[in-house]
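See below for data_22.txt, which holds compact mmCIF, C-alpha atoms.
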```
# COMPACT_ATOMS: atom_id res chain seq x y z
CA MET E 1 6.36 -103.04 88.14
CA VAL E 2 5.19 -99.82 86.48
CA LEU E 3 1.70 -100.31 85.07
CA LEU E 4 0.08 -97.88 82.69
CA GLU E 5 -3.40 -98.15 84.16
CA TYR E 6 -6.42 -96.49 82.62
CA GLY E 7 -8.69 -97.06 85.61
CA ARG E 8 -11.04 -99.97 85.09
CA ASP E 9 -10.44 -99.79 81.33
CA TYR E 10 -7.07 -101.46 81.90
CA PHE E 11 -8.77 -104.63 83.05
CA ARG E 12 -11.48 -104.40 80.41
CA LEU E 13 -9.06 -103.90 77.52
CA GLY E 14 -6.33 -106.23 78.75
CA VAL E 15 -2.58 -106.14 78.29
CA MET E 16 -1.21 -105.73 74.77
CA LEU E 17 2.50 -105.31 75.47
CA GLU E 18 4.60 -106.03 78.53
CA PHE E 19 8.23 -105.56 79.53
CA GLN E 20 9.53 -107.71 82.36
CA GLY E 21 12.90 -106.65 83.76
CA VAL E 22 14.17 -105.65 80.32
CA SER E 23 17.68 -104.31 79.81
CA LYS E 24 19.51 -103.74 76.53
CA GLN E 25 23.27 -103.58 76.33
CA TYR E 26 25.53 -102.77 73.39
CA GLY E 27 29.18 -103.68 73.67
CA ASP E 28 30.73 -104.60 77.00
CA ASP E 29 29.27 -101.95 79.28
CA ARG E 30 26.95 -99.60 77.36
CA TYR E 31 23.41 -100.08 78.61
CA VAL E 32 20.75 -98.34 76.53
CA LEU E 33 17.89 -99.61 78.70
CA ARG E 34 18.01 -100.78 82.31
CA ASP E 35 15.41 -102.86 84.16
CA ILE E 36 12.30 -101.72 82.29
CA ASN E 37 9.00 -102.98 83.70
CA LEU E 38 6.00 -101.66 81.80
CA SER E 39 2.59 -102.87 80.70
CA PHE E 40 0.59 -101.24 77.90
CA PRO E 41 -3.16 -101.94 77.59
CA LYS E 42 -4.92 -102.44 74.30
CA GLY E 43 -6.05 -99.16 72.84
CA ALA E 44 -3.23 -97.24 74.56
CA PHE E 45 -2.23 -93.77 73.39
CA VAL E 46 1.22 -93.30 74.88
CA ALA E 47 4.25 -91.07 74.36
CA LEU E 48 7.80 -92.11 75.21
CA ASN E 49 9.63 -88.93 76.18
CA GLY E 50 13.29 -88.25 76.87
CA PRO E 51 16.44 -86.71 75.47
CA SER E 52 18.42 -88.28 72.62
CA GLY E 53 20.09 -91.45 73.87
CA SER E 54 17.51 -92.07 76.58
CA GLY E 55 16.36 -95.35 74.98
CA LYS E 56 13.08 -94.37 73.30
CA THR E 57 13.79 -95.86 69.86
CA THR E 58 15.35 -98.98 71.39
CA LEU E 59 12.17 -99.47 73.41
CA LEU E 60 10.10 -99.28 70.21
CA ASN E 61 12.39 -101.75 68.44
CA LEU E 62 12.11 -104.23 71.30
CA SER E 63 8.33 -103.80 71.33
CA ALA E 64 8.13 -104.87 67.69
CA GLY E 65 10.60 -107.73 68.00
CA LEU E 66 13.08 -105.92 65.76
CA ASP E 67 15.72 -106.33 68.45
CA ASP E 68 16.25 -108.64 71.43
CA PRO E 69 16.77 -107.64 75.05
CA THR E 70 20.03 -108.51 76.77
CA GLU E 71 18.07 -109.34 79.91
CA GLY E 72 14.39 -109.84 80.65
CA ARG E 73 11.42 -110.59 78.43
CA VAL E 74 9.09 -108.72 76.10
CA TRP E 75 5.57 -110.06 75.64
CA ALA E 76 3.37 -108.94 72.74
CA PHE E 77 -0.22 -110.11 72.39
CA GLY E 78 0.40 -112.93 74.83
CA GLN E 79 3.54 -114.21 73.12
CA ASP E 80 7.08 -114.12 74.45
CA LEU E 81 8.97 -112.54 71.56
CA SER E 82 12.21 -114.27 72.53
CA GLY E 83 10.49 -117.61 71.85
CA LEU E 84 9.50 -116.69 68.29
CA ASN E 85 11.68 -117.35 65.27
CA LYS E 86 12.28 -114.74 62.58
CA ARG E 87 9.31 -115.80 60.43
CA ALA E 88 6.90 -115.87 63.38
CA ARG E 89 7.99 -112.38 64.41
CA SER E 90 7.54 -111.13 60.86
CA LEU E 91 4.01 -112.53 60.74
CA LEU E 92 3.18 -110.96 64.09
CA ARG E 93 4.38 -107.57 62.84
CA LEU E 94 2.51 -107.97 59.55
CA ASN E 95 -0.82 -108.86 61.14
CA LYS E 96 -0.79 -107.00 64.45
CA MET E 97 1.50 -103.97 64.07
CA GLY E 98 1.84 -100.88 61.94
CA PHE E 99 4.79 -98.51 61.67
CA VAL E 100 5.17 -94.79 60.95
CA PHE E 101 8.78 -93.85 60.37
CA GLN E 102 10.35 -90.42 60.71
CA ALA E 103 11.71 -90.71 57.15
CA TYR E 104 8.33 -91.94 55.74
CA ASN E 105 9.99 -94.92 53.92
CA LEU E 106 7.67 -94.80 50.92
CA LEU E 107 8.70 -96.62 47.75
CA PRO E 108 9.34 -93.87 45.17
CA VAL E 109 8.33 -95.93 42.11
CA LEU E 110 4.86 -96.68 43.53
CA THR E 111 1.86 -94.38 43.74
CA ALA E 112 0.38 -93.44 47.10
CA CYS E 113 -2.30 -96.09 46.66
CA GLU E 114 0.22 -98.76 45.67
CA ASN E 115 2.39 -97.94 48.68
CA VAL E 116 -0.60 -98.33 50.97
CA GLU E 117 -1.98 -101.52 49.47
CA LEU E 118 1.39 -103.27 49.64
CA THR E 119 0.81 -104.25 53.29
CA CYS E 120 -2.56 -105.78 52.40
CA LEU E 121 -1.06 -107.76 49.52
CA LEU E 122 1.64 -109.10 51.84
CA GLN E 123 -1.13 -110.20 54.18
CA GLY E 124 -2.49 -112.31 51.34
CA LEU E 125 -5.59 -110.29 50.52
CA PRO E 126 -6.96 -110.42 46.95
CA ALA E 127 -5.82 -107.51 44.79
CA GLU E 128 -9.26 -105.91 44.62
CA GLU E 129 -9.76 -106.02 48.39
CA ALA E 130 -6.25 -104.69 48.94
CA ARG E 131 -6.96 -101.78 46.59
CA GLN E 132 -10.25 -100.99 48.34
CA ARG E 133 -8.59 -101.05 51.76
CA ALA E 134 -5.87 -98.73 50.48
CA LEU E 135 -8.41 -96.25 49.11
CA THR E 136 -10.38 -96.38 52.36
CA ALA E 137 -7.22 -95.69 54.37
CA LEU E 138 -6.25 -92.80 52.10
CA THR E 139 -9.74 -91.36 52.55
CA LYS E 140 -9.36 -91.54 56.34
CA VAL E 141 -6.19 -89.43 56.13
CA GLY E 142 -7.75 -87.00 53.64
CA LEU E 143 -5.71 -88.03 50.59
CA GLN E 144 -8.28 -89.79 48.43
CA ASP E 145 -7.63 -87.30 45.63
CA PHE E 146 -3.89 -88.03 45.67
CA ALA E 147 -4.06 -91.83 45.36
CA GLY E 148 -2.42 -91.85 41.91
CA ARG E 149 0.51 -89.59 42.80
CA ARG E 150 4.00 -90.83 43.50
CA PRO E 151 5.82 -89.62 46.66
CA ALA E 152 7.95 -87.08 44.74
CA LEU E 153 4.77 -85.18 43.84
CA LEU E 154 3.55 -85.03 47.45
CA SER E 155 4.52 -82.59 50.19
CA GLY E 156 6.24 -83.79 53.34
CA GLY E 157 3.00 -83.66 55.29
CA GLN E 158 1.18 -85.60 52.57
CA GLN E 159 3.90 -88.25 52.48
CA GLN E 160 3.63 -88.68 56.23
CA ARG E 161 -0.14 -89.14 55.92
CA VAL E 162 0.42 -91.78 53.21
CA ALA E 163 2.72 -93.53 55.69
CA VAL E 164 -0.07 -93.41 58.27
CA ALA E 165 -2.55 -94.80 55.72
CA ARG E 166 -0.12 -97.63 54.97
CA ALA E 167 0.14 -98.36 58.69
CA ILE E 168 -3.64 -98.56 59.25
CA ALA E 169 -4.57 -100.35 56.00
CA GLY E 170 -3.60 -103.72 57.43
CA SER E 171 -5.94 -103.23 60.44
CA PRO E 172 -3.19 -103.43 63.09
CA GLU E 173 -3.85 -103.43 66.81
CA VAL E 174 -0.95 -101.09 67.52
CA ILE E 175 1.03 -98.51 65.55
CA PHE E 176 4.57 -97.65 66.58
CA ALA E 177 5.68 -94.18 65.50
CA ASP E 178 9.27 -92.95 65.88
CA GLU E 179 9.35 -89.13 66.09
CA PRO E 180 6.41 -88.84 63.66
CA THR E 181 6.20 -85.03 63.75
CA ALA E 182 9.94 -84.31 63.65
CA ASN E 183 10.07 -83.35 59.96
CA LEU E 184 6.77 -81.48 59.81
CA ASP E 185 5.94 -77.81 60.16
CA SER E 186 3.54 -76.70 62.90
CA ALA E 187 0.40 -76.88 60.76
CA ASN E 188 1.12 -80.37 59.43
CA ALA E 189 2.22 -81.59 62.85
CA PHE E 190 -1.05 -80.40 64.38
CA GLN E 191 -3.09 -82.12 61.64
CA LEU E 192 -1.17 -85.36 62.14
CA ILE E 193 -1.72 -85.31 65.91
CA GLN E 194 -5.46 -84.77 65.35
CA LEU E 195 -5.47 -87.68 62.90
CA PHE E 196 -3.77 -89.98 65.43
CA GLN E 197 -6.31 -89.00 68.09
CA SER E 198 -9.21 -89.66 65.74
CA LEU E 199 -7.90 -93.09 64.68
CA ASN E 200 -7.30 -94.09 68.29
CA ARG E 201 -10.74 -92.92 69.38
CA GLU E 202 -12.77 -94.23 66.44
CA SER E 203 -10.88 -97.40 65.45
CA GLY E 204 -9.38 -98.39 68.80
CA VAL E 205 -5.90 -98.82 67.34
CA ALA E 206 -3.19 -98.24 69.95
CA PHE E 207 -0.39 -95.75 69.35
CA ILE E 208 3.01 -95.72 71.02
CA PHE E 209 5.18 -92.76 70.03
CA SER E 210 8.73 -91.74 70.69
CA THR E 211 8.83 -87.98 70.58
CA HIS E 212 10.47 -84.72 71.54
CA ASP E 213 7.36 -82.79 70.46
CA GLN E 214 5.61 -81.27 73.48
CA ARG E 215 2.38 -80.89 71.49
CA LEU E 216 2.24 -84.64 70.89
CA SER E 217 3.17 -85.37 74.50
CA GLU E 218 0.27 -83.23 75.69
CA ALA E 219 -2.19 -84.97 73.32
CA VAL E 220 -1.64 -88.53 74.58
CA ASN E 221 -3.31 -90.29 77.49
CA PHE E 222 -0.06 -91.22 79.18
CA CYS E 223 3.62 -90.30 79.08
CA VAL E 224 6.59 -92.48 79.99
CA ASN E 225 9.63 -90.32 80.70
CA LEU E 226 13.02 -91.93 80.11
CA GLU E 227 16.44 -90.81 81.22
CA ASP E 228 19.69 -92.75 80.75
CA GLY E 229 17.72 -95.87 79.82
CA ARG E 230 15.48 -95.88 82.88
CA VAL E 231 11.85 -94.95 83.48
CA VAL E 232 12.07 -91.89 85.73
CA THR E 233 8.42 -90.82 85.80
CA LYS E 234 5.09 -91.59 84.25
CA GLU E 235 2.34 -89.04 84.08
CA THR E 236 -0.98 -88.05 82.61
CA PRO E 237 -0.41 -84.92 80.50
CA GLY E 238 -3.46 -83.18 81.93
CA ASP E 239 -2.15 -82.83 85.45
CA LYS E 240 1.53 -83.81 85.10
CA THR E 241 1.18 -85.92 88.24
CA LYS E 242 4.19 -88.13 88.80
CA ARG E 243 3.39 -91.69 89.64
```

Any chance you could give the structure as structure tokens?
Amino acid sequence: MVLLEYGRDYFRLGVMLEFQGVSKQYGDDRYVLRDINLSFPKGAFVALNGPSGSGKTTLLNLSAGLDDPTEGRVWAFGQDLSGLNKRARSLLRLNKMGFVFQAYNLLPVLTACENVELTCLLQGLPAEEARQRALTALTKVGLQDFAGRRPALLSGGQQQRVAVARAIAGSPEVIFADEPTANLDSANAFQLIQLFQSLNRESGVAFIFSTHDQRLSEAVNFCVNLEDGRVVTKETPGDKTKR
């Protein structure tokens, strides 16, 4: 089994997500993932690297229980996702996970603040507390002065930061981000990477990215390199040591 170990911190923080012999097949013979064995500790800051079609997005979808493996098991926060019904998976995602999508996925009729507080309202928080959490999250991403603007009046970089605020407002333990810097220019991409690092360091929220962006790959604590649906190497970006 490939373990993403952070020295003794791995044992202190514990396992958040685990893949046990996971394969994913579409159709009769098209395997997107083959025999994946990985463990991610709480507080992880990990990049999934690989060319298009290597299985990065499928791995994220399986991690969140948005898809089911053809073979093997995925465990999240001590629960076998295959044993959870649709409602139980939805509640797990709502309370434990956050998502940052490449296309932002903001609701155009809502303001930035309303987009962010929606997660908190779905969690059942009172309206006032949800609003306060939304404003706090927007402040963390530097958009407190844009809370009343709708997405159409925000730049691409600002919309992506609203999406990050929405992801963190519900106090998740992990945020999954699919190519989060793909649509951003260099300046905005750099700011977003710094924001992710700060949130991971200060709040302890884990991040698992799929990415082609070398800058993001070099900023994480660990890289998992995929090729043709298999883990081919894992490395720490600082020394590029294959393990």

At a cut-off of 7 Å, can you tabulate as CSV every residue of range 98-132 of chain E near range 179-187 of chain E together with its closest atom pair and the distance in Å to one decimal, using all atoms listed in the file and ordering rows by chain then number?
```
residue,atom,partner,partner_atom,distance
E:Val100,CA,E:Pro180,CA,6.7
E:Phe101,CA,E:Pro180,CA,6.4
E:Gln102,CA,E:Pro180,CA,5.2
```

Exercise for the section: Around the point (1.3, -87.7, 51.2), in the coordinates given by the file, pick out the residues reaching within 9 Å, counting all atoms listed in the file, and return them as a PyMOL selection string. Expected result: chain E and resi 112+143+146-147+149-151+153-163

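In this comparison, which uses only C-alpha atoms, the residue of E:Leu92, E:Val15, E:Leu199, E:Leu226 approaching Val141 in chain E most closely is E:Leu199.
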
Problem - CA of Asn49 in chain E to CA of Cys223 in chain E, straight-line distance in Å - result: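 Result for CA of Cys223 in chain E versus CA of Asn49 in chain E: 6.8 Å, one decimal.
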
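Between CA of Val116 in chain E and CA of Ala134 in chain E lies a distance of 5.3 Å.
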
Handout entry: Straight-line distance linking CA of Ser217 in chain E with CA of Gly170 in chain E, stated in Å to one decimal
Key =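 Value for the CA of Ser217 in chain E-CA of Gly170 in chain E distance: 26.0 Å.
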